[in-house]
Every structure is written in C-alpha cells, then in structure tokens.
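One structure is given below, encoded as structure tokens.
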Amino acid sequence: MKLKLPRAKKRLEIICDEVCELASDDDVVTDVGTDHGYLPIMLSEKIKSKLIATDISKSSLEKAIVLSNKHNTEVDCRVGDGLKIAPETTIASICGIGGTEIAKILSDINYHGKAVLQPVPTDKDLRQFLLDNNYHIKKDYVILNENKFYFIFVIDGKDCKNRYSQKDKFFGKTNLKNMSEDFILYLKSEVNRLKFLENFDITKMSEKSKEELKEKIKYYNVAKNILKKGK
Ligand SMILES: C[S@@+](CC[C@H](N)C(=O)[O-])C[C@H]1O[C@@H](n2cnc3c(N)ncnc32)[C@H](O)[C@@H]1O
C-alpha cells in the first residue's frame, strides 16, 4: 500500500534521504517524536536497518502504531522521553521539535552516534549547542517547503572540532558553501524581516538590549552583503 504523506512532504523526503545516506544494515535508527510515524515507514521502504519510533505522547505513538500496522511495517514503537528508552540507537532522527529540547534529548544520554536533526522554529540555539559540545556537523542547511523554512543538521558523531566562522554560525556552513535557491530565498526573507533595523534608534535602549541589537544589525548586514556579493 502506498504511504499517503501530508501536503508538505518535501521536508520529510529530505530527512528520509539524509537518514538513508547515513544508514547501513546493522544500524539501529530511532525516530524520536515520531507522531504519525511517517518517517519510519518511509525508511522501511528504503533501508534494512532496525527501526524504532518513540514519542513522549501515548496518543501520538498510537497513530504511529496504527499506520505501521496498516503498512505491514516492522517498527518497534515505544512511549517515553527522547533517546532514554532507545539506548541502542546508532542513528537518531529528531525532527519538528524545539532546538533546546533536541539539545536536552542528546545530552540526557550523552549521545555519541549519528543524527539528522530538524529543530523548530529556528536553527540558532541548536547550532550553538552542537558546536559547544563538539558534535561533528556534516551538513547544516535550510530548505523551503510550502512557504516555510526548515533547518536540517546532519551529525556524524562527536568529539570533533568544527571550524565555524561567525558567518557560518549565522547562516550554516553548508548553506554558504552551496548557495542553494532555498538559502537565497531564506536570506531575502531575513533581510526583509529585519529591514526595520535600518532606521532604528538605539539611544534609549538598555545596554543589554543594545548589545543584542548590535548583533542583529551585524547579522542583517552580513545577510545583505551575501545577497549582494555572494559568499
Ligand atoms: C511536531 S511533532 C513532529 C513529528 C515528526 N517528528 C515530524 O517531524 O513531522 C513533535 C512530536 O514530538 C513529540 N515529543 C516532544 N518532545 C519529546 C521528547 N522529549 N521525547 C519524545 N517525543 C517528544 C511530541 O509528542 C510530538 O508528537
């Protein structure tokens, strides 16, 4: 039976491709926060690795169990928090969850394996956490799907010193390397969102807010410059 995906399926298809690229037959792939369980079913059609699906919400996991049974897929479904209930994981997909929550899930078991991560709504906190904790960021890029931007991180283990410039930290290293169409659209939307900074009066702000704003202005100017001159 063909799996019916939601309308915004490009995101799931890209995440699925990234997991497949990492996976071999003896890997254990865990989809944390699986909800409907689309990803493990998509994966079961492409790879032979053992598949686990977890969710902290029993009712969400029930949707995954129903879908997996309907598709006759062997997915080991478990209710619980993060990766604590799947310590045998060698590849984790943690998608559609807040960046600080993803960071907590990785920290909780001091996860050292591979991962595909897609934080919501923003990339900044998670990127900083991954850099601070020496996760090897193999890919770090944005995609546009149905008018929404999503950030994808591919992690290839831990204990690595990433070389990230300030620009890479602002926008993601893979984005700057590949200058994809979706990244250009993201930059345009960021410049548009922060255009108000051009005429902003910072004199009446507190010192702390001034510092934050200066960082934002720097970010805005770098984004404008990339659009003007390229990377
Ligand atoms: C917005 S859905 C994302 C579903 C799917 N991963 C995707 O990307 O389309 C987030 C899911 O993560 C689950 N979740 C949130 N925190 C979790 C945690 N610490 N451990 C396991 N599941 C979690 C929620 O219950 C919810 O079902």
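Identifiers for the structure tokens are assigned positionally: chains receive A, B, ... in sequence, residues are indexed from 1 per chain, and ligands are indexed from 1 in the order shown.
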
Per DSSP on the backbone, filter region 16-54 of chain A down to the residues in helix (DSSP H, G or I) and report them as a PyMOL selection string.
chain A and resi 16-22+38-44

Go ahead and write the selection's residues with C-alpha atoms as a compact mmCIF listing (two decimals), in the first residue's frame.
```txt
# COMPACT_ATOMS: atom_id res chain seq x y z
CA CYS A 16 14.44 10.42 4.88
CA ASP A 17 17.18 10.76 2.21
CA GLU A 18 19.64 12.08 4.81
CA VAL A 19 18.96 9.15 7.17
CA CYS A 20 19.32 6.67 4.26
CA GLU A 21 22.67 8.20 3.34
CA LEU A 22 23.94 7.56 6.88
CA TYR A 38 5.59 8.74 8.64
CA LEU A 39 9.39 8.73 8.69
CA PRO A 40 9.97 5.14 9.94
CA ILE A 41 7.51 3.84 7.33
CA MET A 42 9.27 5.80 4.57
CA LEU A 43 12.59 4.43 5.83
CA SER A 44 11.32 0.85 5.91
```

Given a cut-off of 6 Å, what residues near ligand 1 show up using only C-alpha atoms and all ligand atoms, put as JSON, numbers by chain?
{"A": [32, 33, 34, 35, 54, 55, 56, 57, 60, 80, 81, 82, 95, 96, 97]}

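Of the listed residues A:Ser180, A:Thr122, A:Asn134, A:Ser49, the one whose atoms come nearest to Ile152 (chain A) is A:Thr122, with distances taken using only C-alpha atoms.
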
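Distance annotation: of A:Ile226, A:Ile202, A:Ser165, A:Lys208, the residue with the minimal separation from Ile184 (chain A) is A:Ile226; atom set is only C-alpha atoms.
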
Among region 35-215 of chain A, which residues carry a DSSP assignment of strand (DSSP E), reported as a PyMOL selection string?
chain A and resi 50-55+76-79+91-98+114-120+137-145+148-156

Interatomic distance between CA of Asn162 (chain A) and CA of Thr90 (chain A)?
21.0 Å

Of the candidates A:Met179, A:Leu130, A:Val120, A:Ile15, which one gets nearest to Ser93 (chain A) if we count only C-alpha atoms?
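Closest candidate: A:Ile15.
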
If we count only C-alpha atoms, what is near Val191 (chain A) at a cut-off of 12 Å, once residues fewer than 4 positions away on the same chain are taken out, given as a PyMOL selection string?
chain A and resi 184-187+195-198+216-228

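If you measure from each of A:Val154, A:Lys177, A:Phe149, A:Leu67 to Glu190 (chain A) using only C-alpha atoms, the closest one turns out to be A:Phe149.
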
Tell me, as a list in words, which residues lie within 9 Å of Lys84 (chain A), counting only C-alpha atoms; anything in the same chain fewer than 5 positions away does not count.
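Residues near the query, excluding close chain neighbours: Ile105, Asp108 and Ile109 of chain A.
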
Take the selection from the previous step and output its residues with all heavy atoms, as a short mmCIF file (atom, residue, chain, number, x, y, z; two decimals), in the first residue's frame.
```cif
data_model
loop_
_atom_site.label_atom_id
_atom_site.label_comp_id
_atom_site.auth_asym_id
_atom_site.auth_seq_id
_atom_site.Cartn_x
_atom_site.Cartn_y
_atom_site.Cartn_z
N ILE A 105 17.60 16.20 24.67
CA ILE A 105 17.47 14.77 24.33
C ILE A 105 18.86 14.16 24.06
O ILE A 105 19.16 13.06 24.51
CB ILE A 105 16.52 14.60 23.11
CG1 ILE A 105 15.07 14.93 23.52
CG2 ILE A 105 16.60 13.19 22.52
CD1 ILE A 105 14.08 15.07 22.37
N ASP A 108 20.87 14.15 27.49
CA ASP A 108 20.35 13.22 28.50
C ASP A 108 21.09 11.88 28.50
O ASP A 108 21.24 11.26 29.55
CB ASP A 108 18.85 12.96 28.27
CG ASP A 108 18.00 14.06 28.89
OD1 ASP A 108 18.54 14.86 29.67
OD2 ASP A 108 16.79 14.11 28.57
N ILE A 109 21.48 11.41 27.30
CA ILE A 109 22.20 10.12 27.28
C ILE A 109 23.63 10.31 26.75
O ILE A 109 24.29 9.34 26.37
CB ILE A 109 21.45 9.03 26.47
CG1 ILE A 109 21.37 9.38 24.98
CG2 ILE A 109 20.07 8.74 27.01
CD1 ILE A 109 21.18 8.13 24.11
#
```

Could you pull the residues within 10 Å of Cys77 (chain A), counting only C-alpha atoms, minus those fewer than 5 positions along the same chain, as a list in words?
Thr30, Asp31, Thr34, Gly37, Pro40, Leu51, Ile52, Ala53, Thr54, Asp55, Leu61, Glu62, Ala64, Ile65 and Ser68 of chain A
